[in-house]
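The next block is query35.txt, given as compact mmCIF, C-alpha atoms and all ligand atoms.
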```txt
# COMPACT_ATOMS: atom_id res chain seq x y z
CA MET A 248 1.59 -6.13 -25.72
CA ASN A 249 4.33 -4.67 -23.58
CA ARG A 250 3.23 -4.76 -19.96
CA ARG A 251 5.86 -3.86 -17.38
CA PRO A 252 6.45 -6.91 -15.14
CA LEU A 253 5.66 -6.58 -11.43
CA ILE A 254 7.07 -8.85 -8.74
CA ALA A 255 5.20 -8.37 -5.45
CA GLY A 256 5.93 -9.77 -2.01
CA ASN A 257 3.15 -10.30 0.51
CA TRP A 258 4.73 -10.44 3.96
CA LYS A 259 1.46 -11.42 5.69
CA MET A 260 1.61 -11.42 9.54
CA TYR A 261 5.41 -11.76 9.66
CA LEU A 262 8.33 -9.48 10.64
CA THR A 263 8.68 -6.84 13.33
CA GLY A 264 9.44 -3.25 12.27
CA ALA A 265 13.23 -3.70 12.39
CA GLU A 266 13.09 -7.04 10.53
CA ALA A 267 10.84 -5.54 7.88
CA VAL A 268 13.18 -2.58 7.34
CA ARG A 269 16.18 -4.92 6.94
CA LEU A 270 14.38 -7.03 4.35
CA ALA A 271 12.97 -3.96 2.56
CA GLN A 272 16.47 -2.50 2.24
CA ALA A 273 17.75 -5.72 0.68
CA VAL A 274 14.79 -5.87 -1.73
CA ALA A 275 15.21 -2.18 -2.60
CA ALA A 276 18.84 -2.85 -3.58
CA THR A 277 17.71 -5.59 -5.99
CA SER A 278 14.88 -3.48 -7.39
CA GLY A 279 17.33 -0.62 -7.95
CA ALA A 280 19.44 -2.98 -10.03
CA CYS A 281 16.50 -4.26 -12.14
CA LEU A 282 14.98 -1.13 -13.60
CA ASP A 283 13.02 -2.86 -16.37
CA ARG A 284 10.50 -4.27 -13.85
CA ASP A 285 8.50 -3.06 -10.87
CA VAL A 286 8.93 -4.49 -7.39
CA MET A 287 6.45 -4.15 -4.54
CA VAL A 288 6.34 -5.35 -0.94
CA ALA A 289 3.34 -5.48 1.38
CA PRO A 290 4.47 -5.35 5.01
CA ALA A 291 2.12 -5.70 8.00
CA PHE A 292 0.37 -2.43 8.96
CA THR A 293 2.69 -2.03 11.96
CA ALA A 294 5.80 -1.91 9.74
CA LEU A 295 4.43 0.30 6.96
CA ALA A 296 5.62 3.65 8.31
CA LYS A 297 9.17 2.44 8.92
CA VAL A 298 9.42 0.63 5.59
CA CYS A 299 8.07 3.63 3.63
CA GLU A 300 10.63 5.84 5.32
CA ALA A 301 13.49 3.38 4.67
CA VAL A 302 12.82 2.98 0.94
CA ARG A 303 11.56 6.47 0.14
CA ASP A 304 14.36 7.26 -2.33
CA THR A 305 14.33 3.89 -4.07
CA PRO A 306 12.08 2.44 -6.81
CA LEU A 307 10.63 -0.16 -4.40
CA GLN A 308 6.84 0.27 -4.09
CA VAL A 309 5.05 -0.28 -0.79
CA ALA A 310 1.56 -1.73 -0.48
CA ALA A 311 -0.83 -2.38 2.38
CA GLN A 312 -2.26 -5.89 2.79
CA ASN A 313 -5.82 -4.57 3.02
CA VAL A 314 -7.66 -1.26 3.22
CA ALA A 315 -11.02 0.07 4.44
CA TRP A 316 -13.15 2.71 2.75
CA GLY A 317 -14.02 6.29 3.60
CA LYS A 318 -11.88 8.92 5.23
CA GLU A 319 -12.45 8.04 8.86
CA GLY A 320 -15.18 6.59 11.04
CA ALA A 321 -16.23 4.11 13.70
CA TYR A 322 -14.55 1.07 12.12
CA THR A 323 -12.58 -0.55 14.93
CA GLY A 324 -9.50 -2.37 13.66
CA GLU A 325 -9.57 -0.86 10.18
CA ILE A 326 -7.20 1.51 8.34
CA SER A 327 -8.43 4.09 5.82
CA PRO A 328 -6.88 4.88 2.42
CA ILE A 329 -5.99 8.38 3.66
CA MET A 330 -4.08 6.95 6.61
CA LEU A 331 -2.10 4.72 4.26
CA ALA A 332 -1.42 7.47 1.72
CA ASP A 333 -0.21 9.64 4.60
CA LEU A 334 2.60 7.12 5.18
CA GLY A 335 3.63 7.00 1.53
CA VAL A 336 1.78 3.78 0.71
CA ARG A 337 0.67 3.73 -2.95
CA LEU A 338 -0.99 0.34 -3.39
CA ALA A 339 -3.31 -1.97 -1.46
CA ILE A 340 -4.01 -5.68 -1.81
CA VAL A 341 -7.74 -6.45 -1.61
CA GLY A 342 -9.57 -9.77 -1.60
CA HIS A 343 -6.62 -11.97 -0.63
CA SER A 344 -7.85 -15.52 -0.14
CA GLU A 345 -6.75 -15.48 3.52
CA ARG A 346 -9.11 -12.52 4.06
CA ARG A 347 -11.86 -14.45 2.29
CA GLN A 348 -11.28 -17.88 3.88
CA ILE A 349 -10.20 -17.01 7.43
CA PHE A 350 -11.87 -13.66 8.04
CA GLY A 351 -15.05 -14.19 6.04
CA GLU A 352 -14.66 -11.31 3.58
CA ARG A 353 -17.10 -11.68 0.68
CA ASP A 354 -17.11 -10.12 -2.76
CA ALA A 355 -19.44 -7.28 -1.69
CA MET A 356 -17.04 -6.17 1.05
CA ILE A 357 -14.03 -6.58 -1.23
CA ASN A 358 -15.83 -4.35 -3.74
CA ARG A 359 -16.23 -1.66 -1.05
CA ARG A 360 -12.57 -1.90 -0.12
CA LEU A 361 -11.55 -1.68 -3.76
CA LEU A 362 -13.70 1.38 -4.41
CA GLY A 363 -12.32 2.91 -1.21
CA ALA A 364 -8.77 2.36 -2.41
CA LEU A 365 -9.51 3.94 -5.80
CA ALA A 366 -11.24 6.91 -4.19
CA GLY A 367 -8.20 7.38 -1.94
CA ASP A 368 -5.74 7.22 -4.88
CA LEU A 369 -4.34 3.84 -3.90
CA GLN A 370 -3.72 1.33 -6.67
CA PRO A 371 -5.66 -1.83 -5.82
CA VAL A 372 -4.21 -5.31 -6.33
CA LEU A 373 -7.37 -7.41 -6.56
CA CYS A 374 -6.93 -11.12 -5.80
CA VAL A 375 -9.26 -13.75 -7.22
CA GLY A 376 -9.01 -17.53 -7.22
CA GLU A 377 -10.86 -20.80 -6.88
CA THR A 378 -10.67 -23.43 -4.14
CA LEU A 379 -9.63 -27.02 -4.81
CA GLU A 380 -13.25 -28.24 -4.55
CA GLU A 381 -14.33 -25.62 -7.07
CA ARG A 382 -11.58 -26.64 -9.50
CA GLU A 383 -12.33 -30.33 -9.10
CA ALA A 384 -16.04 -29.68 -9.71
CA ASP A 385 -15.09 -27.87 -12.94
CA HIS A 386 -16.34 -24.54 -11.60
CA THR A 387 -13.08 -22.59 -11.91
CA PHE A 388 -14.21 -20.22 -14.64
CA SER A 389 -17.71 -19.59 -13.29
CA VAL A 390 -16.28 -18.85 -9.82
CA LEU A 391 -13.72 -16.45 -11.26
CA GLU A 392 -16.30 -14.73 -13.43
CA GLN A 393 -18.55 -14.21 -10.41
CA GLN A 394 -15.67 -12.84 -8.29
CA MET A 395 -14.67 -10.47 -11.08
CA ARG A 396 -18.23 -9.24 -11.69
CA GLN A 397 -18.99 -8.64 -8.03
CA CYS A 398 -15.64 -7.23 -6.94
CA LEU A 399 -15.49 -4.85 -9.91
CA GLN A 400 -19.00 -3.44 -9.59
CA GLY A 401 -18.93 0.32 -10.10
CA VAL A 402 -15.32 0.36 -11.30
CA ALA A 403 -15.12 2.68 -14.31
CA LYS A 404 -12.95 2.05 -17.36
CA GLY A 405 -10.35 4.63 -16.38
CA GLU A 406 -10.14 3.17 -12.88
CA MET A 407 -9.75 -0.36 -14.23
CA ARG A 408 -6.69 0.77 -16.18
CA GLN A 409 -5.01 1.67 -12.88
CA MET A 410 -5.68 -1.67 -11.26
CA ILE A 411 -3.62 -4.81 -10.93
CA LEU A 412 -5.15 -8.29 -10.83
CA ALA A 413 -3.72 -11.35 -9.13
CA TYR A 414 -4.87 -14.86 -9.93
CA GLU A 415 -4.23 -16.87 -6.80
CA PRO A 416 -5.71 -20.38 -6.81
CA VAL A 417 -6.50 -21.03 -3.14
CA TRP A 418 -5.17 -24.59 -3.39
CA ALA A 419 -1.74 -23.26 -4.37
CA ILE A 420 -1.27 -20.68 -1.62
CA GLY A 421 1.24 -21.71 1.02
CA THR A 422 0.82 -25.37 0.05
CA GLY A 423 3.91 -25.85 -2.09
CA LYS A 424 1.58 -26.84 -4.98
CA THR A 425 1.99 -24.43 -7.88
CA ALA A 426 -0.47 -24.27 -10.74
CA THR A 427 1.26 -25.55 -13.86
CA LYS A 428 2.27 -22.83 -16.27
CA GLU A 429 -0.46 -24.08 -18.61
CA GLN A 430 -3.15 -23.91 -15.88
CA ALA A 431 -2.07 -20.40 -14.91
CA GLN A 432 -1.87 -19.17 -18.51
CA GLU A 433 -5.34 -20.55 -19.25
CA VAL A 434 -6.88 -18.62 -16.37
CA HIS A 435 -4.92 -15.43 -17.11
CA ALA A 436 -6.13 -15.51 -20.71
CA PHE A 437 -9.68 -16.01 -19.43
CA LEU A 438 -9.39 -13.01 -17.08
CA ARG A 439 -8.03 -10.88 -19.89
CA ARG A 440 -10.94 -11.87 -22.14
CA PHE A 441 -13.30 -10.94 -19.30
CA LEU A 442 -11.72 -7.46 -19.14
CA ALA A 443 -12.00 -7.05 -22.91
CA GLU A 444 -15.70 -7.90 -22.78
CA ALA A 445 -16.55 -5.96 -19.60
CA TYR A 446 -14.49 -2.89 -20.57
CA GLU A 447 -12.60 -2.88 -23.88
CA LYS A 448 -9.61 -4.54 -25.47
CA SER A 449 -7.21 -1.71 -24.70
CA VAL A 450 -8.04 -2.08 -20.99
CA ALA A 451 -7.48 -5.84 -21.16
CA ASP A 452 -4.16 -5.25 -22.93
CA GLU A 453 -2.98 -2.79 -20.29
CA VAL A 454 -3.94 -4.40 -16.99
CA ARG A 455 -1.22 -6.49 -15.39
CA ILE A 456 -2.28 -9.91 -14.15
CA LEU A 457 0.00 -11.51 -11.55
CA TYR A 458 0.11 -15.18 -10.67
CA GLY A 459 0.30 -16.14 -7.00
CA GLY A 460 0.56 -19.53 -5.30
CA SER A 461 3.83 -21.14 -4.20
CA VAL A 462 5.98 -19.08 -6.58
CA LYS A 463 9.64 -19.97 -5.99
CA PRO A 464 13.02 -19.37 -7.61
CA GLU A 465 12.60 -22.77 -9.32
CA ASN A 466 9.33 -21.98 -11.12
CA ILE A 467 9.36 -18.22 -11.72
CA ASP A 468 11.11 -18.32 -15.10
CA SER A 469 8.65 -20.72 -16.71
CA LEU A 470 5.64 -18.86 -15.27
CA MET A 471 6.93 -15.52 -16.52
CA ALA A 472 7.45 -16.98 -19.99
CA GLN A 473 3.65 -17.25 -20.41
CA SER A 474 2.18 -14.49 -22.55
CA ASP A 475 -0.56 -13.45 -20.11
CA ILE A 476 1.45 -13.71 -16.87
CA ASP A 477 2.78 -10.26 -16.09
CA GLY A 478 4.27 -10.85 -12.68
CA ALA A 479 3.96 -12.72 -9.43
CA LEU A 480 2.45 -12.22 -6.00
CA VAL A 481 4.76 -14.11 -3.68
CA GLY A 482 4.15 -15.11 -0.05
CA GLY A 483 6.60 -17.49 1.63
CA ALA A 484 9.49 -17.01 -0.78
CA ALA A 485 9.26 -13.21 -0.40
CA LEU A 486 10.30 -13.44 3.26
CA ASN A 487 13.79 -14.53 2.34
CA ALA A 488 16.00 -11.89 0.70
CA GLU A 489 17.93 -14.41 -1.38
CA SER A 490 14.95 -16.27 -2.82
CA PHE A 491 13.01 -13.07 -3.50
CA ASP A 492 16.11 -11.61 -5.19
CA ARG A 493 16.16 -14.58 -7.59
CA ILE A 494 12.43 -14.23 -8.25
CA ILE A 495 12.82 -10.52 -9.04
CA ARG A 496 15.67 -11.41 -11.41
CA PHE A 497 13.51 -13.86 -13.39
CA GLN A 498 14.65 -14.45 -16.96
C1 LIG A 501 0.20 -15.16 -1.14
O1 LIG A 501 0.20 -14.97 0.04
O2 LIG A 501 -0.38 -14.35 -1.87
C2 LIG A 501 0.89 -16.33 -1.69
C3 LIG A 501 0.81 -16.56 -2.97
O3 LIG A 501 1.58 -17.12 -0.82
P1 LIG A 501 2.65 -18.29 -1.18
O4 LIG A 501 3.60 -17.73 -2.21
O5 LIG A 501 3.34 -18.62 0.10
O6 LIG A 501 1.88 -19.45 -1.73
```

Output the structure of this file as structure tokens.
Amino acid sequence: MNRRPLIAGNWKMYLTGAEAVRLAQAVAATSGACLDRDVMVAPAFTALAKVCEAVRDTPLQVAAQNVAWGKEGAYTGEISPIMLADLGVRLAIVGHSERRQIFGERDAMINRRLLGALAGDLQPVLCVGETLEEREADHTFSVLEQQMRQCLQGVAKGEMRQMILAYEPVWAIGTGKTATKEQAQEVHAFLRRFLAEAYEKSVADEVRILYGGSVKPENIDSLMAQSDIDGALVGGAALNAESFDRIIRFQ
């Protein structure tokens, strides 16, 4: 199955507006030179307008790091899909493990955010992943199945086709510990089987599943060689133009 690779950078709570624009311009130059793959960056909310403006005429895609639901309302501290689309944002990460672990977001809320993104024409990048305790207790697949079932409630087949999944084992995020290519492939294949059963095979064949967790220039090639790994969601190494350039140019 020919899925177009996607390399995505999550800039988390880093970079001022000017710093973000400088990095986005460097990434846009690389993405313009690698037209057989998609490249996305997710700046902080405060930098989104400037970054969208700076890369408007390039193939670089811009995502938000989270999104609320509805058009507007009394939701202090939240940003609606319409507000993001107004800036030129086309994608939104939902369910990142830092939202789950630090800010207490549960599957039911992530489901609302995801449905909000879809309703607002934003392409969701849904993150799922197990903690170290869950993996050591041999609960990886049951935890992932539960996250998938709950986060995807009410998502229709046609909507699922537009989504992107990211498998991000919590124990590998920002720790320097990457899942082995075999561990990642095993989970990606499991997630794809889940999609085939919950929707249909053609949906499972179409949806891109990214791996995230300490992706670096040194491990990207072997991860991308796995048949069910369609791209990467990159944190730390996406903040440096040179290392992200090498990741985008994976072989
Ligand atoms: C992430 O933030 O999604 C991530 C995978 O971070 P890192 O690459 O730093 O582990």

Atom pair CA of Val372 in chain A / CA of Gly342 in chain A: separation (Å):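 Distance between the two atoms: 8.4 Å.
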
Give, as AutoDock Vina command-line options, the centre coordinates and the x, y and z edge lengths in Å to one decimal for an axis-aligned box around all listed atoms of range 417-428 of chain A, padded by 3 Å on each side.
```
--center_x -1.3 --center_y -23.8 --center_z -7.6 --size_x 16.4 --size_y 12.2 --size_z 23.3
```

Non-local contacts of Asp477 in chain A (8 Å; only C-alpha atoms; under 3 positions in same chain excluded) as a ChimeraX atom specification: /A:250-253,455-458,471,474

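When all atoms listed in the file are used to compute distances to ligand LIG 501 (chain A), the closest of the residues A:Pro464, A:Gly478, A:Gly421, A:Pro328 turns out to be A:Gly421.
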
Residue nearest ligand LIG 501 (chain A) among A:Ala484, A:Val454, A:Met407, A:Val274 (counting all atoms listed in the file):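 Closest to ligand LIG 501 (chain A), using all atoms listed in the file: A:Ala484.
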
All residues having an atom within 9 Å of ligand LIG 501 (chain A) (only C-alpha atoms and all ligand atoms) as a PyMOL selection string: chain A and resi 255-259+343-345+374+413+415-425+458-463+479-485

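Minimum atom-to-atom distance to Asp285 in chain A, evaluated using only C-alpha atoms, belongs to A:Gln308 out of A:Ala265, A:Ile476, A:Ala301, A:Gln308.
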
Any chance you could model N, CA and C atoms for range 450-471 of chain A and send them as a PDB file, keeping the file's coordinate frame?
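Ended up saving to result-v3.pdb:
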```pdb
ATOM      1  N   VAL A 450      -8.142  -1.914 -22.451  1.00  0.00           N
ATOM      2  CA  VAL A 450      -8.040  -2.080 -20.990  1.00  0.00           C
ATOM      3  C   VAL A 450      -7.440  -3.459 -20.696  1.00  0.00           C
ATOM      4  N   ALA A 451      -7.977  -4.475 -21.374  1.00  0.00           N
ATOM      5  CA  ALA A 451      -7.480  -5.840 -21.160  1.00  0.00           C
ATOM      6  C   ALA A 451      -5.991  -5.933 -21.502  1.00  0.00           C
ATOM      7  N   ASP A 452      -5.567  -5.204 -22.520  1.00  0.00           N
ATOM      8  CA  ASP A 452      -4.160  -5.250 -22.930  1.00  0.00           C
ATOM      9  C   ASP A 452      -3.248  -4.561 -21.925  1.00  0.00           C
ATOM     10  N   GLU A 453      -3.802  -3.594 -21.198  1.00  0.00           N
ATOM     11  CA  GLU A 453      -2.980  -2.790 -20.290  1.00  0.00           C
ATOM     12  C   GLU A 453      -2.837  -3.379 -18.891  1.00  0.00           C
ATOM     13  N   VAL A 454      -3.919  -3.984 -18.402  1.00  0.00           N
ATOM     14  CA  VAL A 454      -3.940  -4.400 -16.990  1.00  0.00           C
ATOM     15  C   VAL A 454      -2.974  -5.563 -16.753  1.00  0.00           C
ATOM     16  N   ARG A 455      -2.156  -5.419 -15.710  1.00  0.00           N
ATOM     17  CA  ARG A 455      -1.220  -6.490 -15.390  1.00  0.00           C
ATOM     18  C   ARG A 455      -1.909  -7.549 -14.538  1.00  0.00           C
ATOM     19  N   ILE A 456      -1.698  -8.796 -14.901  1.00  0.00           N
ATOM     20  CA  ILE A 456      -2.280  -9.910 -14.150  1.00  0.00           C
ATOM     21  C   ILE A 456      -1.131 -10.743 -13.575  1.00  0.00           C
ATOM     22  N   LEU A 457      -1.067 -10.772 -12.245  1.00  0.00           N
ATOM     23  CA  LEU A 457       0.000 -11.510 -11.550  1.00  0.00           C
ATOM     24  C   LEU A 457      -0.486 -12.915 -11.243  1.00  0.00           C
ATOM     25  N   TYR A 458       0.443 -13.839 -11.172  1.00  0.00           N
ATOM     26  CA  TYR A 458       0.110 -15.180 -10.670  1.00  0.00           C
ATOM     27  C   TYR A 458       0.638 -15.301  -9.245  1.00  0.00           C
ATOM     28  N   GLY A 459      -0.156 -15.909  -8.368  1.00  0.00           N
ATOM     29  CA  GLY A 459       0.300 -16.140  -7.000  1.00  0.00           C
ATOM     30  C   GLY A 459      -0.084 -17.531  -6.540  1.00  0.00           C
ATOM     31  N   GLY A 460       0.817 -18.178  -5.818  1.00  0.00           N
ATOM     32  CA  GLY A 460       0.560 -19.530  -5.300  1.00  0.00           C
ATOM     33  C   GLY A 460       1.828 -20.345  -5.397  1.00  0.00           C
ATOM     34  N   SER A 461       2.587 -20.349  -4.276  1.00  0.00           N
ATOM     35  CA  SER A 461       3.830 -21.140  -4.200  1.00  0.00           C
ATOM     36  C   SER A 461       4.822 -20.808  -5.315  1.00  0.00           C
ATOM     37  N   VAL A 462       4.937 -19.504  -5.628  1.00  0.00           N
ATOM     38  CA  VAL A 462       5.980 -19.080  -6.580  1.00  0.00           C
ATOM     39  C   VAL A 462       7.324 -19.181  -5.868  1.00  0.00           C
ATOM     40  N   LYS A 463       8.306 -19.746  -6.572  1.00  0.00           N
ATOM     41  CA  LYS A 463       9.640 -19.970  -5.990  1.00  0.00           C
ATOM     42  C   LYS A 463      10.697 -19.660  -7.054  1.00  0.00           C
ATOM     43  N   PRO A 464      11.960 -19.579  -6.611  1.00  0.00           N
ATOM     44  CA  PRO A 464      13.020 -19.370  -7.610  1.00  0.00           C
ATOM     45  C   PRO A 464      12.993 -20.442  -8.696  1.00  0.00           C
ATOM     46  N   GLU A 465      12.574 -21.652  -8.351  1.00  0.00           N
ATOM     47  CA  GLU A 465      12.600 -22.770  -9.320  1.00  0.00           C
ATOM     48  C   GLU A 465      11.500 -22.664 -10.385  1.00  0.00           C
ATOM     49  N   ASN A 466      10.400 -21.973 -10.116  1.00  0.00           N
ATOM     50  CA  ASN A 466       9.330 -21.980 -11.120  1.00  0.00           C
ATOM     51  C   ASN A 466       9.044 -20.599 -11.735  1.00  0.00           C
ATOM     52  N   ILE A 467       9.712 -19.565 -11.241  1.00  0.00           N
ATOM     53  CA  ILE A 467       9.360 -18.220 -11.720  1.00  0.00           C
ATOM     54  C   ILE A 467       9.650 -18.032 -13.210  1.00  0.00           C
ATOM     55  N   ASP A 468      10.755 -18.585 -13.698  1.00  0.00           N
ATOM     56  CA  ASP A 468      11.110 -18.320 -15.100  1.00  0.00           C
ATOM     57  C   ASP A 468      10.065 -18.902 -16.057  1.00  0.00           C
ATOM     58  N   SER A 469       9.605 -20.119 -15.770  1.00  0.00           N
ATOM     59  CA  SER A 469       8.650 -20.720 -16.710  1.00  0.00           C
ATOM     60  C   SER A 469       7.289 -20.043 -16.582  1.00  0.00           C
ATOM     61  N   LEU A 470       6.915 -19.589 -15.390  1.00  0.00           N
ATOM     62  CA  LEU A 470       5.640 -18.860 -15.270  1.00  0.00           C
ATOM     63  C   LEU A 470       5.710 -17.551 -16.047  1.00  0.00           C
ATOM     64  N   MET A 471       6.821 -16.831 -15.881  1.00  0.00           N
ATOM     65  CA  MET A 471       6.930 -15.520 -16.520  1.00  0.00           C
ATOM     66  C   MET A 471       7.064 -15.620 -18.045  1.00  0.00           C
TER      67      MET A 471
END
```
